[in-house]
$ cat input_22.pdb   # PDB, C-alpha atoms
ATOM      1  CA  MET A 123     -40.401 102.366  -9.663
ATOM      2  CA  THR A 124     -40.993  98.648 -10.269
ATOM      3  CA  ALA A 125     -42.908  98.462  -7.005
ATOM      4  CA  VAL A 126     -45.340 101.164  -8.174
ATOM      5  CA  LEU A 127     -45.963 100.505 -11.883
ATOM      6  CA  VAL A 128     -46.368  97.425 -14.077
ATOM      7  CA  ASP A 129     -46.310  97.391 -17.880
ATOM      8  CA  VAL A 130     -48.689  95.517 -20.173
ATOM      9  CA  ASP A 131     -46.300  92.714 -21.131
ATOM     10  CA  THR A 132     -45.340  91.988 -17.533
ATOM     11  CA  LEU A 133     -48.943  91.949 -16.360
ATOM     12  CA  ALA A 134     -50.036  89.717 -19.243
ATOM     13  CA  ALA A 135     -47.348  87.215 -18.273
ATOM     14  CA  GLU A 136     -48.353  87.368 -14.610
ATOM     15  CA  LEU A 137     -52.011  86.782 -15.459
ATOM     16  CA  ALA A 138     -51.029  83.647 -17.398
ATOM     17  CA  ALA A 139     -49.012  82.291 -14.466
ATOM     18  CA  PRO A 140     -50.390  79.795 -11.912
ATOM     19  CA  ALA A 141     -50.710  82.452  -9.168
ATOM     20  CA  PRO A 142     -51.871  85.687 -10.853
ATOM     21  CA  PRO A 143     -52.323  89.005  -9.063
ATOM     22  CA  ALA A 144     -55.755  90.320  -8.183
ATOM     23  CA  VAL A 145     -56.773  92.882 -10.803
ATOM     24  CA  LEU A 146     -59.142  95.729  -9.987
ATOM     25  CA  ASP A 147     -60.791  97.916 -12.613
ATOM     26  CA  THR A 148     -60.897 101.385 -11.077
ATOM     27  CA  ARG A 149     -62.075 103.440 -14.039
ATOM     28  CA  TRP A 150     -63.715 106.658 -12.900
ATOM     29  CA  ARG A 151     -64.790 110.003 -14.249
ATOM     30  CA  LEU A 152     -65.799 113.119 -12.376
ATOM     31  CA  LEU A 153     -68.598 113.879 -14.832
ATOM     32  CA  GLY A 154     -70.376 111.790 -17.447
ATOM     33  CA  PRO A 155     -71.778 108.269 -17.645
ATOM     34  CA  PRO A 156     -70.857 105.747 -14.917
ATOM     35  CA  ALA A 157     -67.531 103.992 -15.400
ATOM     36  CA  ALA A 158     -69.238 100.709 -14.520
ATOM     37  CA  ASP A 159     -70.751 100.828 -18.015
ATOM     38  CA  ASP A 160     -67.236 100.820 -19.468
ATOM     39  CA  TYR A 161     -66.364  97.822 -17.328
ATOM     40  CA  ARG A 162     -69.358  95.858 -18.523
ATOM     41  CA  ALA A 163     -68.459  96.661 -22.128
ATOM     42  CA  GLY A 164     -65.006  95.148 -21.716
ATOM     43  CA  HIS A 165     -62.241  94.744 -19.159
ATOM     44  CA  LEU A 166     -59.069  92.813 -18.392
ATOM     45  CA  PRO A 167     -59.637  89.073 -17.858
ATOM     46  CA  GLY A 168     -60.389  88.394 -14.210
ATOM     47  CA  ALA A 169     -60.676  92.070 -13.297
ATOM     48  CA  VAL A 170     -63.268  93.110 -10.718
ATOM     49  CA  PHE A 171     -64.804  96.574 -10.882
ATOM     50  CA  VAL A 172     -64.387  98.632  -7.700
ATOM     51  CA  ASP A 173     -66.137 102.006  -7.693
ATOM     52  CA  LEU A 174     -64.141 105.022  -6.521
ATOM     53  CA  ASP A 175     -67.093 106.899  -5.043
ATOM     54  CA  ALA A 176     -68.497 103.876  -3.200
ATOM     55  CA  VAL A 177     -65.324 102.086  -2.058
ATOM     56  CA  TRP A 178     -62.150 104.132  -2.405
ATOM     57  CA  SER A 179     -63.857 107.068  -0.662
ATOM     58  CA  GLY A 180     -66.256 107.644   2.189
ATOM     59  CA  PRO A 181     -69.549 109.530   1.875
ATOM     60  CA  PRO A 182     -69.122 113.189   0.892
ATOM     61  CA  GLY A 183     -69.598 115.847   3.544
ATOM     62  CA  PRO A 184     -67.586 118.335   5.609
ATOM     63  CA  ALA A 185     -64.568 115.996   5.429
ATOM     64  CA  GLY A 186     -64.548 116.486   1.657
ATOM     65  CA  ARG A 187     -66.056 115.178  -1.553
ATOM     66  CA  HIS A 188     -63.881 112.043  -1.455
ATOM     67  CA  PRO A 189     -62.870 111.582   2.187
ATOM     68  CA  LEU A 190     -61.191 108.526   3.665
ATOM     69  CA  PRO A 191     -63.366 105.414   3.642
ATOM     70  CA  ALA A 192     -64.184 103.788   6.956
ATOM     71  CA  PRO A 193     -62.084 100.641   7.495
ATOM     72  CA  ALA A 194     -64.978  98.186   7.921
ATOM     73  CA  PRO A 195     -66.847  98.825   4.644
ATOM     74  CA  LEU A 196     -63.535  99.141   2.786
ATOM     75  CA  GLN A 197     -62.423  95.762   4.077
ATOM     76  CA  ALA A 198     -65.736  94.149   3.160
ATOM     77  CA  ALA A 199     -65.575  95.541  -0.389
ATOM     78  CA  LEU A 200     -61.967  94.457  -0.884
ATOM     79  CA  ARG A 201     -62.703  90.953   0.358
ATOM     80  CA  ALA A 202     -65.687  90.765  -1.999
ATOM     81  CA  ALA A 203     -63.306  91.709  -4.822
ATOM     82  CA  GLY A 204     -61.021  88.835  -3.871
ATOM     83  CA  VAL A 205     -58.186  90.868  -2.355
ATOM     84  CA  ARG A 206     -55.937  88.707  -0.199
ATOM     85  CA  ALA A 207     -53.158  89.680   2.190
ATOM     86  CA  GLY A 208     -50.451  87.651   0.444
ATOM     87  CA  THR A 209     -51.487  88.266  -3.152
ATOM     88  CA  PRO A 210     -50.269  91.223  -5.253
ATOM     89  CA  VAL A 211     -52.874  93.679  -6.514
ATOM     90  CA  VAL A 212     -52.844  95.539  -9.833
ATOM     91  CA  VAL A 213     -55.202  98.470 -10.388
ATOM     92  CA  TYR A 214     -55.991 100.196 -13.658
ATOM     93  CA  ASP A 215     -58.207 102.898 -15.120
ATOM     94  CA  ASP A 216     -58.788 104.285 -18.614
ATOM     95  CA  GLY A 217     -55.240 105.592 -18.707
ATOM     96  CA  ASP A 218     -55.662 109.060 -17.237
ATOM     97  CA  GLY A 219     -54.317 107.754 -13.935
ATOM     98  CA  ALA A 220     -56.827 109.359 -11.563
ATOM     99  CA  GLY A 221     -58.923 106.371 -10.500
ATOM    100  CA  ALA A 222     -55.964 103.993 -10.400
ATOM    101  CA  ALA A 223     -53.840 106.356  -8.310
ATOM    102  CA  ARG A 224     -56.605 106.821  -5.731
ATOM    103  CA  ALA A 225     -57.129 103.040  -5.589
ATOM    104  CA  TRP A 226     -53.371 102.453  -5.260
ATOM    105  CA  TRP A 227     -53.128 105.045  -2.500
ATOM    106  CA  THR A 228     -56.132 103.738  -0.572
ATOM    107  CA  LEU A 229     -54.899 100.144  -0.697
ATOM    108  CA  ARG A 230     -51.450 101.194   0.495
ATOM    109  CA  TRP A 231     -52.991 103.375   3.229
ATOM    110  CA  ALA A 232     -55.084 100.352   4.242
ATOM    111  CA  GLY A 233     -51.935  98.292   4.745
ATOM    112  CA  HIS A 234     -51.548  96.293   1.546
ATOM    113  CA  GLY A 235     -47.859  96.301   0.693
ATOM    114  CA  ASP A 236     -47.893  95.001  -2.884
ATOM    115  CA  VAL A 237     -50.009  97.239  -5.114
ATOM    116  CA  ARG A 238     -49.089  98.378  -8.617
ATOM    117  CA  VAL A 239     -50.705 100.587 -11.238
ATOM    118  CA  LEU A 240     -50.944  99.390 -14.842
ATOM    119  CA  ALA A 241     -48.919 101.945 -16.803
ATOM    120  CA  GLY A 242     -51.148 103.489 -19.463
ATOM    121  CA  GLY A 243     -54.229 101.758 -18.084
ATOM    122  CA  PHE A 244     -56.901 100.120 -20.211
ATOM    123  CA  ALA A 245     -55.876 102.212 -23.213
ATOM    124  CA  ALA A 246     -52.364 100.758 -23.186
ATOM    125  CA  TRP A 247     -53.733  97.246 -22.667
ATOM    126  CA  THR A 248     -56.024  97.401 -25.690
ATOM    127  CA  ALA A 249     -53.449  99.213 -27.831
ATOM    128  CA  ALA A 250     -51.110  96.271 -27.276
ATOM    129  CA  GLY A 251     -53.775  93.843 -28.495
ATOM    130  CA  ALA A 252     -54.044  92.171 -25.092
ATOM    131  CA  PRO A 253     -57.250  90.214 -24.415
ATOM    132  CA  VAL A 254     -60.428  91.890 -23.210
ATOM    133  CA  THR A 255     -63.563  90.219 -21.914
ATOM    134  CA  GLY A 256     -67.099  91.138 -20.919
ATOM    135  CA  SER A 257     -67.358  88.200 -18.535
ATOM    136  CA  VAL A 258     -67.803  89.285 -14.922
ATOM    137  CA  PRO A 259     -65.750  87.074 -12.590
ATOM    138  CA  ALA A 260     -66.840  85.729  -9.220
ATOM    139  CA  PRO A 261     -63.558  85.625  -7.284
ATOM    140  CA  PRO A 262     -63.212  83.605  -4.083
ATOM    141  CA  ALA A 263     -63.678  85.791  -1.015
ATOM    142  CA  GLY A 264     -60.498  87.518   0.078
ATOM    143  CA  ASP A 265     -59.028  87.669   3.545
ATOM    144  CA  PHE A 266     -57.406  91.099   3.528
ATOM    145  CA  VAL A 267     -57.512  92.932   6.868
ATOM    146  CA  VAL A 268     -57.502  96.718   6.669
ATOM    147  CA  ALA A 269     -54.849  98.251   8.904
ATOM    148  CA  ALA A 270     -55.253 101.994   8.380
ATOM    149  CA  GLY A 271     -52.174 104.199   8.417
ATOM    150  CA  GLY A 272     -49.953 102.551   5.828
ATOM    151  CA  LEU A 273     -49.365 105.917   4.123
ATOM    152  CA  PRO A 274     -49.221 109.365   5.762
ATOM    153  CA  VAL A 275     -52.303 111.582   5.778
ATOM    154  CA  LEU A 276     -52.734 115.308   6.343
ATOM    155  CA  ASP A 277     -55.739 116.970   7.912
ATOM    156  CA  ALA A 278     -56.462 120.676   7.438
ATOM    157  CA  ALA A 279     -54.306 121.771  10.369
ATOM    158  CA  ALA A 280     -51.349 119.663   9.255
ATOM    159  CA  ALA A 281     -51.721 120.897   5.666
ATOM    160  CA  ALA A 282     -51.675 124.514   6.866
ATOM    161  CA  ALA A 283     -48.618 123.891   9.017
ATOM    162  CA  LEU A 284     -46.798 122.234   6.123
ATOM    163  CA  ALA A 285     -47.634 125.099   3.757
ATOM    164  CA  THR A 286     -46.614 127.926   6.086
ATOM    165  CA  GLY A 287     -43.913 126.365   8.233
ATOM    166  CA  PRO A 288     -40.209 127.047   7.815
ATOM    167  CA  GLU A 289     -39.607 123.572   6.394
ATOM    168  CA  GLY A 290     -42.002 121.745   4.122
ATOM    169  CA  VAL A 291     -43.859 121.987   0.823
ATOM    170  CA  LEU A 292     -47.579 121.602   0.236
ATOM    171  CA  LEU A 293     -48.316 121.016  -3.442
ATOM    172  CA  ASP A 294     -51.597 122.177  -4.958
ATOM    173  CA  VAL A 295     -51.941 120.029  -8.085
ATOM    174  CA  ARG A 296     -55.092 121.634  -9.523
ATOM    175  CA  ALA A 297     -55.102 123.648 -12.726
ATOM    176  CA  ALA A 298     -53.330 127.003 -12.409
ATOM    177  CA  ALA A 299     -56.526 129.028 -12.890
ATOM    178  CA  ARG A 300     -58.172 127.251  -9.963
ATOM    179  CA  TYR A 301     -55.080 127.768  -7.812
ATOM    180  CA  ARG A 302     -55.062 131.468  -8.639
ATOM    181  CA  GLY A 303     -58.743 131.720  -7.711
ATOM    182  CA  GLU A 304     -59.858 132.853 -11.154
ATOM    183  CA  VAL A 305     -62.303 129.963 -11.611
ATOM    184  CA  GLU A 306     -63.805 127.292  -9.381
ATOM    185  CA  PRO A 307     -66.120 124.915 -11.234
ATOM    186  CA  ILE A 308     -66.899 122.580  -8.335
ATOM    187  CA  ASP A 309     -66.279 123.946  -4.845
ATOM    188  CA  PRO A 310     -68.018 127.014  -3.366
ATOM    189  CA  VAL A 311     -64.874 129.111  -2.818
ATOM    190  CA  ALA A 312     -62.004 129.806  -5.221
ATOM    191  CA  GLY A 313     -58.339 130.102  -4.286
ATOM    192  CA  HIS A 314     -55.722 128.000  -2.529
ATOM    193  CA  VAL A 315     -54.313 127.099   0.881
ATOM    194  CA  PRO A 316     -52.009 129.967   1.889
ATOM    195  CA  GLY A 317     -48.411 128.981   1.258
ATOM    196  CA  ALA A 318     -49.207 126.082  -1.087
ATOM    197  CA  VAL A 319     -47.181 125.774  -4.304
ATOM    198  CA  ASN A 320     -48.956 125.081  -7.600
ATOM    199  CA  LEU A 321     -47.766 122.096  -9.648
ATOM    200  CA  PRO A 322     -50.617 120.946 -11.914
ATOM    201  CA  VAL A 323     -50.959 117.177 -12.050
ATOM    202  CA  PRO A 324     -50.599 116.741 -15.851
ATOM    203  CA  ALA A 325     -46.853 117.308 -15.393
ATOM    204  CA  LEU A 326     -46.757 114.296 -13.055
ATOM    205  CA  ALA A 327     -48.973 111.773 -14.813
ATOM    206  CA  GLY A 328     -49.025 109.598 -17.909
ATOM    207  CA  ALA A 329     -45.689 109.301 -19.692
ATOM    208  CA  ALA A 330     -44.022 111.392 -16.981
ATOM    209  CA  LEU A 331     -44.219 108.398 -14.642
ATOM    210  CA  ALA A 332     -41.687 106.587 -16.833
ATOM    211  CA  ASP A 333     -39.109 109.295 -16.124
ATOM    212  CA  PRO A 334     -38.164 109.393 -12.423
ATOM    213  CA  ALA A 335     -35.372 111.901 -13.080
ATOM    214  CA  GLY A 336     -37.799 114.202 -14.875
ATOM    215  CA  LEU A 337     -40.251 113.913 -11.991
ATOM    216  CA  ARG A 338     -37.537 114.751  -9.482
ATOM    217  CA  ALA A 339     -36.660 117.831 -11.535
ATOM    218  CA  ALA A 340     -40.302 118.936 -11.691
ATOM    219  CA  PHE A 341     -40.681 118.522  -7.940
ATOM    220  CA  ALA A 342     -37.405 120.335  -7.314
ATOM    221  CA  ARG A 343     -38.660 123.318  -9.320
ATOM    222  CA  ALA A 344     -41.650 123.396  -6.967
ATOM    223  CA  GLY A 345     -39.323 123.489  -3.953
ATOM    224  CA  VAL A 346     -39.368 119.801  -3.013
ATOM    225  CA  ARG A 347     -35.989 118.850  -1.532
ATOM    226  CA  ASP A 348     -34.629 115.691   0.016
ATOM    227  CA  GLY A 349     -35.352 115.492   3.707
ATOM    228  CA  VAL A 350     -38.002 118.225   3.595
ATOM    229  CA  PRO A 351     -41.599 117.092   4.293
ATOM    230  CA  VAL A 352     -43.920 117.186   1.301
ATOM    231  CA  GLY A 353     -47.665 116.760   0.890
ATOM    232  CA  ALA A 354     -50.233 117.239  -1.862
ATOM    233  CA  TYR A 355     -53.848 118.260  -2.279
ATOM    234  CA  CYS A 356     -56.280 118.917  -5.118
ATOM    235  CA  GLY A 357     -60.028 119.455  -5.220
ATOM    236  CA  SER A 358     -61.092 116.304  -3.402
ATOM    237  CA  GLY A 359     -58.081 114.021  -2.973
ATOM    238  CA  VAL A 360     -58.176 112.122  -6.290
ATOM    239  CA  ALA A 361     -55.701 114.020  -8.482
ATOM    240  CA  ALA A 362     -53.505 114.568  -5.426
ATOM    241  CA  ALA A 363     -53.162 110.788  -5.132
ATOM    242  CA  GLN A 364     -51.568 110.941  -8.586
ATOM    243  CA  ALA A 365     -49.023 113.396  -7.190
ATOM    244  CA  VAL A 366     -48.256 111.077  -4.277
ATOM    245  CA  LEU A 367     -47.852 108.193  -6.731
ATOM    246  CA  ALA A 368     -45.411 110.320  -8.745
ATOM    247  CA  LEU A 369     -43.542 111.257  -5.586
ATOM    248  CA  HIS A 370     -43.116 107.548  -4.812
ATOM    249  CA  VAL A 371     -41.737 106.998  -8.322
ATOM    250  CA  ALA A 372     -39.393 109.936  -7.718
ATOM    251  CA  GLY A 373     -38.122 108.377  -4.503
ATOM    252  CA  ARG A 374     -40.315 110.099  -1.903
ATOM    253  CA  PRO A 375     -42.417 107.355  -0.271
ATOM    254  CA  ASP A 376     -42.906 109.640   2.749
ATOM    255  CA  ALA A 377     -45.156 112.024   0.779
ATOM    256  CA  ALA A 378     -48.453 112.760   2.528
ATOM    257  CA  LEU A 379     -51.932 113.186   1.047
ATOM    258  CA  TYR A 380     -54.395 115.817   2.242
ATOM    259  CA  VAL A 381     -57.351 113.564   1.524
ATOM    260  CA  GLY A 382     -60.066 116.136   2.150
ATOM    261  CA  SER A 383     -58.201 118.637  -0.026
ATOM    262  CA  TRP A 384     -59.824 121.894  -1.112
ATOM    263  CA  SER A 385     -63.356 120.554  -0.635
ATOM    264  CA  ASN A 386     -62.572 120.026   3.049
ATOM    265  CA  TRP A 387     -60.585 123.236   3.445
ATOM    266  CA  VAL A 388     -63.431 125.489   2.310
ATOM    267  CA  ALA A 389     -66.021 123.616   4.394
ATOM    268  CA  ASP A 390     -64.867 125.766   7.317
ATOM    269  CA  PRO A 391     -65.341 129.479   6.491
ATOM    270  CA  ALA A 392     -62.835 130.388   9.210
ATOM    271  CA  ARG A 393     -59.951 128.909   7.224
ATOM    272  CA  PRO A 394     -57.979 131.505   5.240
ATOM    273  CA  VAL A 395     -58.021 131.502   1.435
ATOM    274  CA  ALA A 396     -55.268 132.895  -0.765
ATOM    275  CA  THR A 397     -55.526 133.942  -4.419
ATOM    276  CA  GLY A 398     -53.029 134.916  -7.079
ATOM    277  CA  PRO A 399     -50.176 133.172  -8.868
ATOM    278  CA  THR A 400     -47.727 132.760  -5.966
ATOM    279  CA  PRO A 401     -47.802 131.043  -2.571
TER     280      PRO A 401
END
$ encode --input "input_22.pdb" --output "structure tokens"
Amino acid sequence: MTAVLVDVDTLAAELAAPAPPAVLDTRWRLLGPPAADDYRAGHLPGAVFVDLDAVWSGPPGPAGRHPLPAPAPLQAALRAAGVRAGTPVVVYDDGDGAGAARAWWTLRWAGHGDVRVLAGGFAAWTAAGAPVTGSVPAPPAGDFVVAAGGLPVLDAAAAAALATGPEGVLLDVRAAARYRGEVEPIDPVAGHVPGAVNLPVPALAGAALADPAGLRAAFARAGVRDGVPVGAYCGSGVAAAQAVLALHVAGRPDAALYVGSWSNWVADPARPVATGPTP
């Protein structure tokens, strides 16, 4: 757990040390005003804003609304943010966990081995009375080299095989009504990947991350067992990164992310769609 999360007091002490971690502001919202406005209004000292749509994801299309970024532009953006190969990275968002989890996952997938999420995000930082600034830093250029493949990824075929095979669990972490196919506010088709098990992400985020035993129990209720492959998807691969983060906290660093998620699945009308409350 200590390799995944960092609390406010620990981060504040690290930022005051001679060799602080790189801090990335990854606030993001699906709808509403740009999160960059929040960053300009105030952020952690030394933090650099890195946009989820522009950096942590590739351009939307048949691969999904938030597909994998290409290595070259990702590397350029990370170097511009001051990310270095031998320097720890801390990512944070408002506190909902979505933007930070996707940033954490993408950095780990890109080969950076020391990435942590600020527990409670910006909300926890300000609640503790820790310093906030509006000054935008100009960090020295980083030297990080993207080496894709640091975390496992599922494509549509692998997600289908995991969901319907004799061994394996594919978690659908969207709201239950979306899983059942009763509503679909974003994508053109409602329902879920046949065989996928619904475990909405709120049960895996926020305060739940401080309770590895509770997370393991929640995953066990969804059929996740030791030694059995597990993967996760959502609408576009953002909330599912929160599930993978929680799986790491729960002791499953082998958990895979279906990055394209439902937005990729329904891009091909030949793929089957299931509805209803059960896999």
$ residues_around --input "input_22.pdb" --residues "Val291 of chain A" --least-positions-apart "3" --cutoff "9 Å" --atoms "only C-alpha atoms" --output "list in words"
Leu284, Ala285, Thr286, Gly287, Gly317, Ala318, Val319, Ala344, Gly345, Val346, Arg347, Val350, Pro351, Val352, Gly353 and Ala354 of chain A
$ atom_distance --input "input_22.pdb" --atom1 "atom CA of Ser358 of chain A" --atom2 "atom CA of Ala163 of chain A"
28.1 Å
$ resolve_selection --input "input_22.pdb" --expression "the PyMOL selection byres ((chain A and resi 204) around 7)" --output "PDB file with C-alpha atoms, keeping the file's coordinate frame"
ATOM      1  CA  ALA A 144     -55.755  90.320  -8.183  1.00  0.00           C
ATOM      2  CA  LEU A 200     -61.967  94.457  -0.884  1.00  0.00           C
ATOM      3  CA  ARG A 201     -62.703  90.953   0.358  1.00  0.00           C
ATOM      4  CA  ALA A 202     -65.687  90.765  -1.999  1.00  0.00           C
ATOM      5  CA  ALA A 203     -63.306  91.709  -4.822  1.00  0.00           C
ATOM      6  CA  VAL A 205     -58.186  90.868  -2.355  1.00  0.00           C
ATOM      7  CA  ARG A 206     -55.937  88.707  -0.199  1.00  0.00           C
ATOM      8  CA  PRO A 261     -63.558  85.625  -7.284  1.00  0.00           C
ATOM      9  CA  PRO A 262     -63.212  83.605  -4.083  1.00  0.00           C
ATOM     10  CA  ALA A 263     -63.678  85.791  -1.015  1.00  0.00           C
ATOM     11  CA  GLY A 264     -60.498  87.518   0.078  1.00  0.00           C
TER      12      GLY A 264
END
$ resolve_selection --input "input_22.pdb" --expression "the PyMOL selection byres ((chain A and resi 366) around 9)" --output "list in words"
Ala223, Trp227, Gly353, Ala354, Ala362, Ala363, Gln364, Ala365, Leu367, Ala368, Leu369, His370, Val371, Arg374, Pro375, Asp376, Ala377, Ala378 and Leu379 of chain A
$ write_last_selection --input "input_22.pdb" --atoms "C-alpha atoms" --output "PDB file, in the frame of the given file"
ATOM      1  CA  ALA A 223     -53.840 106.356  -8.310  1.00  0.00           C
ATOM      2  CA  TRP A 227     -53.128 105.045  -2.500  1.00  0.00           C
ATOM      3  CA  GLY A 353     -47.665 116.760   0.890  1.00  0.00           C
ATOM      4  CA  ALA A 354     -50.233 117.239  -1.862  1.00  0.00           C
ATOM      5  CA  ALA A 362     -53.505 114.568  -5.426  1.00  0.00           C
ATOM      6  CA  ALA A 363     -53.162 110.788  -5.132  1.00  0.00           C
ATOM      7  CA  GLN A 364     -51.568 110.941  -8.586  1.00  0.00           C
ATOM      8  CA  ALA A 365     -49.023 113.396  -7.190  1.00  0.00           C
ATOM      9  CA  LEU A 367     -47.852 108.193  -6.731  1.00  0.00           C
ATOM     10  CA  ALA A 368     -45.411 110.320  -8.745  1.00  0.00           C
ATOM     11  CA  LEU A 369     -43.542 111.257  -5.586  1.00  0.00           C
ATOM     12  CA  HIS A 370     -43.116 107.548  -4.812  1.00  0.00           C
ATOM     13  CA  VAL A 371     -41.737 106.998  -8.322  1.00  0.00           C
ATOM     14  CA  ARG A 374     -40.315 110.099  -1.903  1.00  0.00           C
ATOM     15  CA  PRO A 375     -42.417 107.355  -0.271  1.00  0.00           C
ATOM     16  CA  ASP A 376     -42.906 109.640   2.749  1.00  0.00           C
ATOM     17  CA  ALA A 377     -45.156 112.024   0.779  1.00  0.00           C
ATOM     18  CA  ALA A 378     -48.453 112.760   2.528  1.00  0.00           C
ATOM     19  CA  LEU A 379     -51.932 113.186   1.047  1.00  0.00           C
TER      20      LEU A 379
END
$ closest_residue --input "input_22.pdb" --among "A:Arg224, A:Arg238, A:Arg338, A:Arg187" --to "Val145 of chain A" --atoms "only C-alpha atoms"
A:Arg238
$ residues_around --input "input_22.pdb" --residues "Val311 of chain A" --least-positions-apart "2" --cutoff "9 Å" --atoms "all atoms listed in the file" --output "number ranges by chain"
A: 303, 306, 308-309, 313, 384-385, 388, 395
$ axis_aligned_box --input "input_22.pdb" --around "segment 347-366 of chain A" --padding-each-side "4 Å" --output "AutoDock Vina command-line options"
--center_x -47.9 --center_y 115.1 --center_z -2.1 --size_x 34.5 --size_y 16.7 --size_z 20.9
$ closest_residue --input "input_22.pdb" --among "A:Pro307, A:Gly168, A:Pro195, A:Gly208" --to "Leu153 of chain A" --atoms "only C-alpha atoms"
A:Pro307
$ closest_atom_pairs --input "input_22.pdb" --of "segment 205-265 of chain A" --to "segment 271-279 of chain A" --cutoff "9 Å" --atoms "only C-alpha atoms" --output "JSON lines"
{"residue": "A:Trp227", "atom": "CA", "partner": "A:Leu273", "partner_atom": "CA", "distance": 7.7}
{"residue": "A:Thr228", "atom": "CA", "partner": "A:Leu273", "partner_atom": "CA", "distance": 8.5}
{"residue": "A:Leu229", "atom": "CA", "partner": "A:Gly272", "partner_atom": "CA", "distance": 8.5}
{"residue": "A:Arg230", "atom": "CA", "partner": "A:Gly272", "partner_atom": "CA", "distance": 5.7}
{"residue": "A:Trp231", "atom": "CA", "partner": "A:Gly272", "partner_atom": "CA", "distance": 4.1}
{"residue": "A:Ala232", "atom": "CA", "partner": "A:Gly272", "partner_atom": "CA", "distance": 5.8}
{"residue": "A:Gly233", "atom": "CA", "partner": "A:Gly272", "partner_atom": "CA", "distance": 4.8}
{"residue": "A:His234", "atom": "CA", "partner": "A:Gly272", "partner_atom": "CA", "distance": 7.7}
{"residue": "A:Gly235", "atom": "CA", "partner": "A:Gly272", "partner_atom": "CA", "distance": 8.4}
$ write_last_selection --input "input_22.pdb" --atoms "C-alpha atoms" --output "CSV table (one decimal), keeping the file's coordinate frame"
chain,number,residue,atom,x,y,z
A,227,TRP,CA,-53.1,105.0,-2.5
A,228,THR,CA,-56.1,103.7,-0.6
A,229,LEU,CA,-54.9,100.1,-0.7
A,230,ARG,CA,-51.4,101.2,0.5
A,231,TRP,CA,-53.0,103.4,3.2
A,232,ALA,CA,-55.1,100.4,4.2
A,233,GLY,CA,-51.9,98.3,4.7
A,234,HIS,CA,-51.5,96.3,1.5
A,235,GLY,CA,-47.9,96.3,0.7
$ resolve_selection --input "input_22.pdb" --expression "the PyMOL selection byres ((chain A and resi 218) around 10)" --output "list in words"
Arg149, Trp150, Arg151, Tyr214, Asp215, Asp216, Gly217, Gly219, Ala220, Gly221, Ala222, Ala223, Ala241, Gly242, Gly243, Phe244, Ala245, Pro324, Ala327, Gly328 and Gln364 of chain A
